[in-house]
file work34.csv (CSV, C-alpha atoms)
chain,number,residue,atom,x,y,z
Q,14,MET,CA,57.7,130.2,57.3
Q,15,PRO,CA,54.5,129.3,55.5
Q,16,ALA,CA,52.7,126.2,56.8
Q,17,LYS,CA,54.0,122.8,55.7
Q,18,GLU,CA,51.0,122.1,53.5
Q,19,ILE,CA,51.6,125.4,51.7
Q,20,GLU,CA,55.3,124.7,51.3
Q,21,THR,CA,54.5,121.3,49.8
Q,22,LEU,CA,52.2,122.9,47.2
Q,23,ILE,CA,54.7,125.7,46.4
Q,24,GLY,CA,57.4,123.0,45.9
Q,25,LEU,CA,55.1,121.1,43.5
Q,26,PHE,CA,54.4,124.2,41.5
Q,27,ALA,CA,58.1,125.2,41.4
Q,28,ARG,CA,58.8,121.9,39.6
Q,29,LEU,CA,56.5,122.8,36.7
Q,30,PRO,CA,58.3,124.1,33.5
Q,31,THR,CA,58.5,127.9,33.2
Q,32,LEU,CA,57.9,128.3,37.0
Q,33,GLY,CA,60.5,129.0,39.6
Q,34,PRO,CA,60.3,129.4,43.4
Q,35,ARG,CA,59.1,133.0,43.2
Q,36,SER,CA,56.4,132.5,40.6
Q,37,ALA,CA,55.3,129.3,42.4
Q,38,ARG,CA,54.8,131.3,45.6
Q,39,ARG,CA,52.8,133.9,43.7
Q,40,ALA,CA,50.6,131.3,42.0
Q,41,VAL,CA,49.9,129.5,45.3
Q,42,LEU,CA,49.1,132.7,47.1
Q,43,SER,CA,46.7,133.6,44.3
Q,44,LEU,CA,45.0,130.2,44.8
Q,45,LEU,CA,44.9,130.7,48.6
Q,46,ASP,CA,43.3,134.1,48.1
Q,47,ASN,CA,40.6,132.7,45.9
Q,48,PRO,CA,39.7,129.2,47.3
Q,49,LYS,CA,36.2,129.2,45.8
Q,50,SER,CA,36.9,130.7,42.3
Q,51,GLN,CA,40.4,129.3,41.7
Q,52,MET,CA,41.5,126.5,44.0
Q,53,GLY,CA,38.3,124.5,44.0
Q,54,PRO,CA,37.8,124.6,40.2
Q,55,MET,CA,41.5,123.6,39.8
Q,56,ILE,CA,41.2,120.6,42.0
Q,57,GLN,CA,38.1,119.6,40.1
Q,58,ALA,CA,39.7,120.1,36.7
Q,59,MET,CA,42.7,118.0,37.7
Q,60,GLN,CA,40.5,115.2,38.9
Q,61,ASP,CA,38.5,115.3,35.7
Q,62,VAL,CA,41.7,115.2,33.7
Q,63,VAL,CA,43.2,112.3,35.7
Q,64,GLU,CA,40.0,110.3,35.4
Q,65,ASN,CA,39.3,110.9,31.7
Q,66,ILE,CA,42.5,111.5,29.8
Q,67,GLN,CA,44.3,108.7,28.1
Q,68,THR,CA,47.1,108.4,25.6
Q,69,CYS,CA,46.0,107.6,22.0
Q,70,PRO,CA,47.3,104.1,21.1
Q,71,ILE,CA,47.9,105.2,17.5
Q,72,CYS,CA,49.6,108.6,17.6
Q,73,GLY,CA,50.4,109.3,21.3
Q,74,ASN,CA,48.2,112.4,21.7
Q,75,PHE,CA,46.3,113.0,25.0
Q,76,ASP,CA,42.5,112.8,24.7
Q,77,THR,CA,39.3,111.7,26.5
Q,78,GLN,CA,38.5,109.2,23.6
Q,79,SER,CA,40.7,106.4,22.3
Q,80,PRO,CA,41.8,106.6,19.5
Q,81,CYS,CA,42.0,110.4,19.8
Q,82,ASN,CA,39.7,112.8,18.0
Q,83,ILE,CA,42.3,113.3,15.3
Q,84,CYS,CA,43.0,109.7,14.6
Q,85,SER,CA,39.3,108.8,14.7
Q,86,ASN,CA,38.2,111.8,12.5
Q,87,PRO,CA,37.2,110.4,9.1
Q,88,LYS,CA,37.9,113.8,7.5
Q,89,LYS,CA,41.6,113.6,8.3
Q,90,ASP,CA,43.9,112.2,5.5
Q,91,LYS,CA,45.3,109.0,7.0
Q,92,LYS,CA,47.8,108.9,4.1
Q,93,GLN,CA,49.8,111.8,5.5
Q,94,VAL,CA,51.6,111.4,8.9
Q,95,CYS,CA,53.3,114.4,10.5
Q,96,VAL,CA,56.0,113.3,13.0
Q,97,VAL,CA,56.3,115.7,15.9
Q,98,ARG,CA,58.6,115.8,19.0
Q,99,ASP,CA,55.9,116.1,21.6
Q,100,ILE,CA,52.2,116.9,22.2
Q,101,ALA,CA,52.9,120.6,22.6
Q,102,ASP,CA,54.1,120.7,19.0
Q,103,LEU,CA,51.1,118.6,17.9
Q,104,TRP,CA,48.8,121.1,19.5
Q,105,ALA,CA,50.7,124.0,17.9
Q,106,LEU,CA,50.3,122.6,14.4
Q,107,ASP,CA,46.6,121.6,15.2
Q,108,ARG,CA,45.9,125.2,16.4
Q,109,ALA,CA,47.3,126.6,13.2
Q,110,ASN,CA,44.7,124.5,11.3
Q,111,ILE,CA,46.9,124.2,8.3
Q,112,PHE,CA,47.5,120.4,8.2
Q,113,HIS,CA,44.8,117.9,7.4
Q,114,GLY,CA,46.6,114.6,7.9
Q,115,VAL,CA,47.3,112.7,11.2
Q,116,TYR,CA,50.2,112.9,13.6
Q,117,HIS,CA,52.8,110.7,15.3
Q,118,VAL,CA,54.2,111.9,18.7
Q,119,LEU,CA,57.9,110.7,19.2
Q,120,GLY,CA,58.0,111.7,22.8
Q,121,GLY,CA,61.3,113.6,22.5
Q,122,VAL,CA,64.3,113.8,20.2
Q,123,LEU,CA,67.6,111.8,20.3
Q,124,SER,CA,70.0,113.4,22.7
Q,125,ALA,CA,73.4,112.1,23.7
Q,126,LEU,CA,73.6,114.7,26.5
Q,127,ASP,CA,70.2,113.8,28.0
Q,128,GLY,CA,70.7,110.1,27.4
Q,129,VAL,CA,67.8,109.8,25.0
Q,130,GLY,CA,68.3,106.9,22.6
Q,131,PRO,CA,66.2,105.4,19.8
Q,132,ASP,CA,64.5,103.0,22.2
Q,133,ASP,CA,63.2,105.9,24.3
Q,134,LEU,CA,61.2,107.3,21.3
Q,135,ASN,CA,58.0,105.9,19.6
Q,136,ILE,CA,59.9,105.0,16.4
Q,137,ASP,CA,59.0,101.3,16.3
Q,138,LYS,CA,55.3,102.3,16.5
Q,139,LEU,CA,55.8,104.7,13.6
Q,140,ILE,CA,57.4,101.9,11.5
Q,141,GLY,CA,54.4,99.7,12.5
Q,142,ARG,CA,52.0,102.3,11.1
Q,143,ILE,CA,54.0,102.5,7.9
Q,144,GLN,CA,54.1,98.7,7.5
Q,145,THR,CA,50.3,98.7,7.3
Q,146,GLY,CA,50.8,100.2,3.8
Q,147,GLU,CA,48.2,103.0,4.3
Q,148,ILE,CA,50.7,105.8,4.7
Q,149,GLU,CA,52.1,107.6,1.6
Q,150,GLU,CA,53.9,110.5,3.1
Q,151,VAL,CA,55.8,111.1,6.3
Q,152,ILE,CA,56.4,114.7,7.2
Q,153,LEU,CA,59.2,115.2,9.7
Q,154,ALA,CA,58.2,118.4,11.7
Q,155,LEU,CA,61.0,118.2,14.2
Q,156,PRO,CA,62.8,121.2,15.9
Q,157,ALA,CA,65.5,122.8,13.7
Q,158,THR,CA,68.1,122.1,16.5
Q,159,VAL,CA,71.0,119.7,16.3
Q,160,ASP,CA,69.1,117.1,18.3
Q,161,GLY,CA,66.0,117.6,16.2
Q,162,GLN,CA,68.0,117.2,12.9
Q,163,THR,CA,69.9,114.2,14.2
Q,164,THR,CA,66.6,112.5,15.0
Q,165,ALA,CA,65.2,113.4,11.5
Q,166,HIS,CA,68.3,111.8,9.9
Q,167,TYR,CA,68.0,108.7,12.1
Q,168,ILE,CA,64.3,108.3,11.2
Q,169,ALA,CA,65.0,108.9,7.5
Q,170,ASP,CA,67.6,106.1,7.7
Q,171,ARG,CA,65.2,103.7,9.4
Q,172,LEU,CA,62.4,104.5,6.9
Q,173,SER,CA,64.6,104.3,3.8
Q,174,LYS,CA,63.5,100.7,3.0
Q,175,TYR,CA,59.8,101.5,3.0
Q,176,PRO,CA,58.0,102.9,0.0
Q,177,VAL,CA,56.9,106.2,1.6
Q,178,GLN,CA,57.7,109.8,0.6
Q,179,LEU,CA,59.8,111.5,3.3
Q,180,THR,CA,59.6,115.3,3.6
Q,181,THR,CA,60.6,117.9,6.2
Q,182,LEU,CA,59.5,121.4,7.0
Q,183,ALA,CA,61.0,124.2,4.9
Q,184,ARG,CA,63.9,126.3,6.3
Q,185,GLY,CA,63.9,130.1,5.6
Q,186,VAL,CA,63.1,133.5,6.8
Q,187,PRO,CA,60.2,133.4,9.3
Q,188,VAL,CA,57.2,135.6,8.4
Q,189,GLY,CA,57.8,139.1,9.8
Q,190,GLY,CA,61.5,138.3,10.2
Q,191,GLU,CA,64.1,141.0,9.7
Q,192,LEU,CA,67.2,139.8,7.8
Q,193,ASP,CA,69.4,141.8,10.1
Q,194,TYR,CA,68.3,139.9,13.2
Q,195,LEU,CA,68.6,136.4,11.7
Q,196,ASP,CA,71.5,134.0,12.3
Q,197,ASP,CA,73.8,133.1,9.5
Q,198,GLY,CA,72.5,129.5,9.3
Q,199,THR,CA,69.0,130.6,8.6
Q,200,LEU,CA,70.1,133.1,6.0
Q,201,GLN,CA,72.2,130.4,4.3
Q,202,MET,CA,69.3,128.0,4.2
Q,203,ALA,CA,67.0,130.7,2.9
Q,204,LEU,CA,69.4,131.6,0.1
Q,205,LYS,CA,70.1,128.0,-0.8
Q,206,SER,CA,66.3,127.1,-0.9
Q,207,ARG,CA,65.4,130.3,-2.8
Q,208,ARG,CA,62.5,130.0,-5.2
Q,209,SER,CA,61.5,131.8,-8.4
Q,210,LEU,CA,58.9,134.5,-8.1
N,10,MET,CA,42.3,120.8,19.8
N,11,PRO,CA,43.1,119.4,23.3
N,12,ALA,CA,40.2,117.7,25.0
N,13,LYS,CA,37.7,120.0,26.9
N,14,GLU,CA,39.0,118.8,30.3
N,15,ILE,CA,42.5,119.7,29.3
N,16,GLU,CA,41.4,123.1,27.9
N,17,THR,CA,39.6,123.9,31.2
N,18,LEU,CA,42.8,123.1,33.2
N,19,ILE,CA,45.0,125.1,30.9
N,20,GLY,CA,42.5,128.0,31.3
N,21,LEU,CA,42.7,127.9,35.1
N,22,PHE,CA,46.5,127.8,35.0
N,23,ALA,CA,46.6,130.7,32.6
N,24,ARG,CA,44.7,132.8,35.1
N,25,LEU,CA,47.5,132.4,37.7
N,26,PRO,CA,49.9,135.3,38.1
N,27,THR,CA,53.2,135.1,36.1
N,28,LEU,CA,51.7,132.4,33.8
N,29,GLY,CA,50.3,133.0,30.3
N,30,PRO,CA,48.6,130.7,27.8
N,31,ARG,CA,51.9,129.2,26.6
N,32,SER,CA,53.4,128.5,30.0
N,33,ALA,CA,50.0,127.2,31.2
N,34,ARG,CA,50.0,124.7,28.3
N,35,ARG,CA,53.5,123.6,29.2
N,36,ALA,CA,52.7,123.2,32.9
N,37,VAL,CA,49.6,121.2,32.1
N,38,LEU,CA,51.5,119.0,29.7
N,39,SER,CA,54.1,118.3,32.3
N,40,LEU,CA,51.4,117.3,34.7
N,41,LEU,CA,49.8,115.0,32.1
N,42,ASP,CA,53.2,113.4,31.4
N,43,ASN,CA,53.7,112.6,35.1
N,44,PRO,CA,50.3,111.7,36.5
N,45,LYS,CA,51.7,109.7,39.4
N,46,SER,CA,54.6,111.9,40.4
N,47,GLN,CA,53.2,115.4,39.8
N,48,MET,CA,49.4,115.5,39.1
N,49,GLY,CA,48.4,113.1,41.9
N,50,PRO,CA,50.6,114.8,44.6
N,51,MET,CA,49.3,118.2,43.4
N,52,ILE,CA,45.7,117.3,43.8
N,53,GLN,CA,46.5,115.9,47.3
N,54,ALA,CA,48.5,119.0,48.3
N,55,MET,CA,45.7,121.3,47.2
N,56,GLN,CA,43.1,119.4,49.1
N,57,ASP,CA,45.3,119.5,52.2
N,58,VAL,CA,45.7,123.2,51.8
N,59,VAL,CA,41.9,123.8,51.3
N,60,GLU,CA,41.0,121.7,54.3
N,61,ASN,CA,43.6,123.0,56.8
N,62,ILE,CA,44.6,126.5,55.9
N,63,GLN,CA,42.9,129.4,57.6
N,64,THR,CA,43.5,133.2,57.8
N,65,CYS,CA,45.0,134.3,61.1
N,66,PRO,CA,42.4,136.5,62.9
N,67,ILE,CA,45.2,138.7,64.3
N,68,CYS,CA,47.6,139.4,61.5
N,69,GLY,CA,46.0,138.0,58.4
N,70,ASN,CA,48.7,135.4,57.6
N,71,PHE,CA,47.7,132.0,56.2
N,72,ASP,CA,48.5,129.0,58.5
N,73,THR,CA,47.2,125.7,59.7
N,74,GLN,CA,46.9,127.0,63.2
N,75,SER,CA,44.9,130.0,64.5
N,76,PRO,CA,46.3,132.3,65.6
N,77,CYS,CA,49.2,131.7,63.2
N,78,ASN,CA,52.6,130.3,64.2
N,79,ILE,CA,54.1,133.9,64.3
N,80,CYS,CA,51.3,135.5,66.4
N,81,SER,CA,51.3,132.5,68.8
N,82,ASN,CA,55.1,132.3,69.1
N,83,PRO,CA,56.1,133.5,72.7
N,84,LYS,CA,59.5,134.4,71.4
N,85,LYS,CA,58.2,137.1,69.0
N,86,ASP,CA,58.2,140.6,70.3
N,87,LYS,CA,54.5,141.6,70.4
N,88,LYS,CA,55.4,145.3,70.9
N,89,GLN,CA,56.7,145.6,67.4
N,90,VAL,CA,54.2,145.3,64.5
N,91,CYS,CA,55.4,145.3,60.9
N,92,VAL,CA,52.7,146.4,58.5
N,93,VAL,CA,53.0,144.7,55.0
N,94,ARG,CA,51.0,144.9,51.8
N,95,ASP,CA,50.4,141.2,51.4
N,96,ILE,CA,51.3,137.7,52.6
N,97,ALA,CA,54.0,137.4,49.9
N,98,ASP,CA,55.8,140.4,51.6
N,99,LEU,CA,55.3,138.9,55.0
N,100,TRP,CA,56.9,135.6,53.8
N,101,ALA,CA,59.8,137.6,52.3
N,102,LEU,CA,60.6,139.3,55.6
N,103,ASP,CA,60.1,136.1,57.5
N,104,ARG,CA,62.5,134.2,55.2
N,105,ALA,CA,65.2,136.9,55.7
N,106,ASN,CA,64.9,136.1,59.4
N,107,ILE,CA,65.9,139.7,60.4
N,108,PHE,CA,62.7,140.8,62.2
N,109,HIS,CA,61.6,139.4,65.5
N,110,GLY,CA,58.3,141.1,66.0
N,111,VAL,CA,54.9,140.3,64.6
N,112,TYR,CA,53.1,141.3,61.4
N,113,HIS,CA,50.0,142.9,60.1
N,114,VAL,CA,48.8,142.2,56.5
N,115,LEU,CA,46.9,145.0,54.9
N,116,GLY,CA,45.7,143.0,52.0
N,117,GLY,CA,46.8,145.6,49.4
N,118,VAL,CA,47.6,149.3,49.1
N,119,LEU,CA,45.3,152.2,48.4
N,120,SER,CA,44.9,152.7,44.6
N,121,ALA,CA,42.6,155.1,42.9
N,122,LEU,CA,43.2,153.4,39.6
N,123,ASP,CA,42.3,149.9,40.9
N,124,GLY,CA,39.5,151.3,43.1
N,125,VAL,CA,41.1,150.2,46.4
N,126,GLY,CA,39.9,152.5,49.2
N,127,PRO,CA,40.7,152.5,53.0
N,128,ASP,CA,37.7,150.2,53.7
N,129,ASP,CA,39.2,147.5,51.4
N,130,LEU,CA,42.3,147.2,53.7
N,131,ASN,CA,42.7,145.8,57.2
N,132,ILE,CA,43.3,149.2,58.7
N,133,ASP,CA,40.5,149.1,61.3
N,134,LYS,CA,41.9,145.8,62.6
N,135,LEU,CA,45.4,147.4,62.9
N,136,ILE,CA,43.9,150.3,65.0
N,137,GLY,CA,42.1,147.7,67.1
N,138,ARG,CA,45.4,146.0,67.8
N,139,ILE,CA,47.0,149.4,68.7
N,140,GLN,CA,44.1,150.2,71.0
N,141,THR,CA,44.9,147.3,73.2
N,142,GLY,CA,48.0,149.3,74.3
N,143,GLU,CA,50.4,146.5,73.9
N,144,ILE,CA,52.1,147.8,70.7
N,145,GLU,CA,55.0,150.3,71.0
N,146,GLU,CA,56.2,150.5,67.4
N,147,VAL,CA,54.5,150.2,64.1
N,148,ILE,CA,57.0,149.7,61.2
N,149,LEU,CA,55.5,150.5,57.8
N,150,ALA,CA,57.2,148.0,55.4
N,151,LEU,CA,55.1,149.1,52.3
N,152,PRO,CA,56.3,149.1,48.7
N,153,ALA,CA,58.3,152.2,47.7
N,154,THR,CA,55.8,153.0,45.0
N,155,VAL,CA,53.4,155.9,44.7
N,156,ASP,CA,50.5,153.7,45.9
N,157,GLY,CA,52.6,152.2,48.7
N,158,GLN,CA,53.7,155.6,50.0
N,159,THR,CA,50.1,157.1,49.7
N,160,THR,CA,49.0,154.2,51.9
N,161,ALA,CA,51.9,154.8,54.4
N,162,HIS,CA,50.9,158.5,54.7
N,163,TYR,CA,47.2,157.6,55.2
N,164,ILE,CA,48.0,155.1,57.9
N,165,ALA,CA,50.4,157.5,59.6
N,166,ASP,CA,47.5,160.1,59.6
N,167,ARG,CA,45.1,157.6,61.1
N,168,LEU,CA,47.6,156.5,63.8
N,169,SER,CA,48.7,160.0,64.8
N,170,LYS,CA,46.4,160.1,67.8
N,171,TYR,CA,47.8,156.9,69.3
N,172,PRO,CA,50.9,156.8,71.5
N,173,VAL,CA,52.9,154.5,69.2
N,174,GLN,CA,56.2,155.1,67.5
N,175,LEU,CA,55.8,155.0,63.7
N,176,THR,CA,58.7,154.1,61.5
N,177,THR,CA,59.3,153.1,57.8
N,178,LEU,CA,61.9,151.2,56.0
N,179,ALA,CA,65.1,153.1,55.0
N,180,ARG,CA,65.6,154.3,51.4
N,181,GLY,CA,69.0,154.1,49.8
N,182,VAL,CA,71.3,152.2,47.6
N,183,PRO,CA,70.5,148.5,47.6
N,184,VAL,CA,73.3,146.1,48.6
N,185,GLY,CA,75.3,145.3,45.5
N,186,GLY,CA,73.8,148.3,43.7
N,187,GLU,CA,75.8,150.2,41.1
N,188,LEU,CA,75.2,153.9,41.3
N,189,ASP,CA,75.2,154.2,37.5
N,190,TYR,CA,72.1,152.0,37.2
N,191,LEU,CA,70.0,153.6,40.0
N,192,ASP,CA,67.3,156.1,39.3
N,193,ASP,CA,67.6,159.7,40.4
N,194,GLY,CA,64.9,159.3,43.2
N,195,THR,CA,66.9,156.6,44.9
N,196,LEU,CA,70.1,158.5,44.6
N,197,GLN,CA,68.5,161.6,46.0
N,198,MET,CA,67.1,159.6,49.0
N,199,ALA,CA,70.4,157.9,49.6
N,200,LEU,CA,72.3,161.3,49.6
N,201,LYS,CA,69.6,162.9,51.8
N,202,SER,CA,69.8,160.1,54.4
N,203,ARG,CA,73.6,159.8,54.3
N,204,ARG,CA,75.2,158.7,57.6
N,205,SER,CA,78.6,159.3,59.1
N,206,LEU,CA,81.1,156.5,58.9

call {"tool": "encode", "arguments": {"input": "work34.csv", "output": "structure tokens"}}
result
Amino acid sequence: MPAKEIETLIGLFARLPTLGPRSARRAVLSLLDNPKSQMGPMIQAMQDVVENIQTCPICGNFDTQSPCNICSNPKKDKKQVCVVRDIADLWALDRANIFHGVYHVLGGVLSALDGVGPDDLNIDKLIGRIQTGEIEEVILALPATVDGQTTAHYIADRLSKYPVQLTTLARGVPVGGELDYLDDGTLQMALKSRRSL
Amino acid sequence: MPAKEIETLIGLFARLPTLGPRSARRAVLSLLDNPKSQMGPMIQAMQDVVENIQTCPICGNFDTQSPCNICSNPKKDKKQVCVVRDIADLWALDRANIFHGVYHVLGGVLSALDGVGPDDLNIDKLIGRIQTGEIEEVILALPATVDGQTTAHYIADRLSKYPVQLTTLARGVPVGGELDYLDDGTLQMALKSRRSL
């Protein structure tokens, strides 16, 4: 059996998403093999993150500054708010560099199965942002899953009394997608939302 | 873009085996979401490991004590030494709890492609252990790959002048294995090493 200290570290790694017991063991062994070049810098990087990172009080993003670099960037269009499930999705849109407005992180989607209700999500904060009157368009960039769409409908319902334009991401054939491999639902949406060339 | 501190941590995670950029991002986000229950304990666990873990001077295992708990265990049969590629393989055999001798970690296998020569492996240390005259059997538990078998032959050659019994793991059909899914090499070895019922 590995030493208790090593077992503890493996157990912590195994709890991370996408890792299991085997990959956790391999990750920890790699750290043990390279204490100077991997383990040391990782301890330092985690301490830096713990000491410096905070949640943006406006959008819910993680950053060293508060408000975050997106919310405090004067070049961003504060009239457009893109609602995302989590920070991973925010980063994905930000990496693509295609959206020039600001974000709002819900912190999850409604899920009866996982016991996530409206009070568990940052919906009241979103309404607070809309009530300032500065926002013209709310773009719902939620997952195209049942839970994601339930959440989108719930938010649309809550926002219906405010004078904001509400939009959602287009459904259709993904770039590079082969029709033969797509599910019927996607094909149906793509056909229904067909556009003239 | 995530803050510089977060990018650094993601980069360090992405260098670990079995993780890529996407799973590194997900792992780091999970740590950021749970600073108290995940990030804090992980920093602590890594520091404990860095401060307490050392390499066993006899077999090359990692442990808090030196020699390691296996080498210093009086119940282990010091006459049998099982030679393994790395500590992950040592732990795999140790977890199975089927071998009651001691181990020797080579630290890799010979590989022309990766530039690993005999001097990069703990072979001299193995010979030193044999020269004490206490060892009766050396079991080569190396991977059944070309590099693993090259290494096994090289070690067999180096040990030929010492009065130790040299054995290797059996080849054959793995438990639960369907013949239809096995490669020809395994089938051939299984047939060649067939035994009477």

call {"tool": "interface_residues", "arguments": {"input": "work34.csv", "of": "chain N", "to": "chain Q", "cutoff": "9 Å", "atoms": "only C-alpha atoms", "output": "PyMOL selection string"}}
result
chain N and resi 10-15+17-18+21-22+24-28+32-41+44+47-59+61-62+70-74+78-79+96-97+100+103-104

call {"tool": "residues_around", "arguments": {"input": "work34.csv", "residues": "Leu123 in chain Q", "least_positions_apart": "3", "cutoff": "10 Å", "atoms": "all atoms listed in the file", "output": "tab-separated table (two decimals) with C-alpha atoms, in the frame of the given file"}}
result
chain	number	residue	atom	x	y	z
Q	98	ARG	CA	58.60	115.80	19.00
Q	119	LEU	CA	57.90	110.70	19.20
Q	120	GLY	CA	58.00	111.70	22.80
Q	126	LEU	CA	73.60	114.70	26.50
Q	127	ASP	CA	70.20	113.80	28.00
Q	128	GLY	CA	70.70	110.10	27.40
Q	129	VAL	CA	67.80	109.80	25.00
Q	130	GLY	CA	68.30	106.90	22.60
Q	131	PRO	CA	66.20	105.40	19.80
Q	132	ASP	CA	64.50	103.00	22.20
Q	133	ASP	CA	63.20	105.90	24.30
Q	134	LEU	CA	61.20	107.30	21.30
Q	159	VAL	CA	71.00	119.70	16.30
Q	160	ASP	CA	69.10	117.10	18.30
Q	161	GLY	CA	66.00	117.60	16.20
Q	162	GLN	CA	68.00	117.20	12.90
Q	163	THR	CA	69.90	114.20	14.20
Q	164	THR	CA	66.60	112.50	15.00
Q	165	ALA	CA	65.20	113.40	11.50
Q	167	TYR	CA	68.00	108.70	12.10

call {"tool": "atom_distance", "arguments": {"input": "work34.csv", "atom1": "CA of Ala199 in chain N", "atom2": "CA of Ile148 in chain N"}}
result
19.5 Å

call {"tool": "closest_residue", "arguments": {"input": "work34.csv", "among": "N:Leu178, N:Val147, N:Val93, N:Cys80", "to": "Ala165 in chain N", "atoms": "all atoms listed in the file"}}
result
N:Val147

call {"tool": "atom_distance", "arguments": {"input": "work34.csv", "atom1": "CA of Arg180 in chain N", "atom2": "CA of Leu149 in chain N"}}
result
12.5 Å

call {"tool": "residues_around", "arguments": {"input": "work34.csv", "residues": "Phe108 in chain N", "least_positions_apart": "5", "cutoff": "10 Å", "atoms": "all atoms listed in the file", "output": "JSON list (two decimals) with C-alpha atoms, keeping the file's coordinate frame"}}
result
[["chain", "number", "residue", "atom", "x", "y", "z"],
["N", 85, "LYS", "CA", 58.20, 137.10, 69.00],
["N", 86, "ASP", "CA", 58.20, 140.60, 70.30],
["N", 89, "GLN", "CA", 56.70, 145.60, 67.40],
["N", 90, "VAL", "CA", 54.20, 145.30, 64.50],
["N", 91, "CYS", "CA", 55.40, 145.30, 60.90],
["N", 102, "LEU", "CA", 60.60, 139.30, 55.60],
["N", 103, "ASP", "CA", 60.10, 136.10, 57.50]]

call {"tool": "atom_distance", "arguments": {"input": "work34.csv", "atom1": "CA of Lys91 in chain Q", "atom2": "CA of Arg171 in chain Q"}}
result
20.7 Å

call {"tool": "decode", "arguments": {"input": "work34.csv", "residues": "range 153-208 of chain Q", "atoms": "C-alpha atoms", "output": "mmCIF file, in the first residue's frame"}}
result
data_model
loop_
_atom_site.group_PDB
_atom_site.id
_atom_site.type_symbol
_atom_site.label_atom_id
_atom_site.label_comp_id
_atom_site.auth_asym_id
_atom_site.auth_seq_id
_atom_site.Cartn_x
_atom_site.Cartn_y
_atom_site.Cartn_z
ATOM 1 C CA LEU Q 153 -29.692 32.569 -23.317
ATOM 2 C CA ALA Q 154 -26.632 30.422 -24.149
ATOM 3 C CA LEU Q 155 -27.738 27.383 -22.149
ATOM 4 C CA PRO Q 156 -27.053 23.718 -22.980
ATOM 5 C CA ALA Q 157 -29.389 22.172 -25.580
ATOM 6 C CA THR Q 158 -30.452 19.546 -23.019
ATOM 7 C CA VAL Q 159 -33.838 19.040 -21.366
ATOM 8 C CA ASP Q 160 -32.598 20.718 -18.167
ATOM 9 C CA GLY Q 161 -30.968 23.549 -20.119
ATOM 10 C CA GLN Q 162 -34.148 24.235 -22.074
ATOM 11 C CA THR Q 163 -36.356 23.991 -18.982
ATOM 12 C CA THR Q 164 -34.120 26.623 -17.404
ATOM 13 C CA ALA Q 165 -34.318 28.809 -20.533
ATOM 14 C CA HIS Q 166 -38.136 28.668 -20.460
ATOM 15 C CA TYR Q 167 -38.214 29.435 -16.750
ATOM 16 C CA ILE Q 168 -35.964 32.491 -17.226
ATOM 17 C CA ALA Q 169 -37.986 33.645 -20.260
ATOM 18 C CA ASP Q 170 -41.099 33.482 -18.082
ATOM 19 C CA ARG Q 171 -39.499 35.463 -15.253
ATOM 20 C CA LEU Q 172 -38.177 38.117 -17.678
ATOM 21 C CA SER Q 173 -41.397 38.486 -19.682
ATOM 22 C CA LYS Q 174 -42.475 41.602 -17.761
ATOM 23 C CA TYR Q 175 -39.226 43.476 -18.437
ATOM 24 C CA PRO Q 176 -38.644 45.445 -21.665
ATOM 25 C CA VAL Q 177 -35.625 43.393 -22.831
ATOM 26 C CA GLN Q 178 -35.161 41.437 -26.034
ATOM 27 C CA LEU Q 179 -34.746 37.725 -25.252
ATOM 28 C CA THR Q 180 -32.820 35.503 -27.675
ATOM 29 C CA THR Q 181 -31.281 32.035 -27.629
ATOM 30 C CA LEU Q 182 -28.514 30.286 -29.561
ATOM 31 C CA ALA Q 183 -29.464 28.871 -32.989
ATOM 32 C CA ARG Q 184 -30.102 25.134 -33.380
ATOM 33 C CA GLY Q 185 -28.844 23.335 -36.448
ATOM 34 C CA VAL Q 186 -26.166 21.270 -38.088
ATOM 35 C CA PRO Q 187 -22.794 21.922 -36.351
ATOM 36 C CA VAL Q 188 -19.922 23.066 -38.582
ATOM 37 C CA GLY Q 189 -18.272 19.976 -40.050
ATOM 38 C CA GLY Q 190 -21.293 17.838 -39.109
ATOM 39 C CA GLU Q 191 -22.308 14.882 -41.271
ATOM 40 C CA LEU Q 192 -26.104 14.618 -41.620
ATOM 41 C CA ASP Q 193 -25.901 10.838 -41.365
ATOM 42 C CA TYR Q 194 -24.477 11.055 -37.831
ATOM 43 C CA LEU Q 195 -26.864 13.665 -36.437
ATOM 44 C CA ASP Q 196 -29.851 12.815 -34.264
ATOM 45 C CA ASP Q 197 -33.401 13.330 -35.500
ATOM 46 C CA GLY Q 198 -34.017 16.244 -33.127
ATOM 47 C CA THR Q 199 -31.102 18.247 -34.535
ATOM 48 C CA LEU Q 200 -32.130 17.466 -38.115
ATOM 49 C CA GLN Q 201 -35.690 18.558 -37.380
ATOM 50 C CA MET Q 202 -34.544 21.855 -35.818
ATOM 51 C CA ALA Q 203 -32.149 22.479 -38.717
ATOM 52 C CA LEU Q 204 -34.929 21.912 -41.260
ATOM 53 C CA LYS Q 205 -37.454 24.018 -39.352
ATOM 54 C CA SER Q 206 -35.014 26.919 -39.012
ATOM 55 C CA ARG Q 207 -33.809 26.686 -42.628
ATOM 56 C CA ARG Q 208 -32.802 29.986 -44.208
#
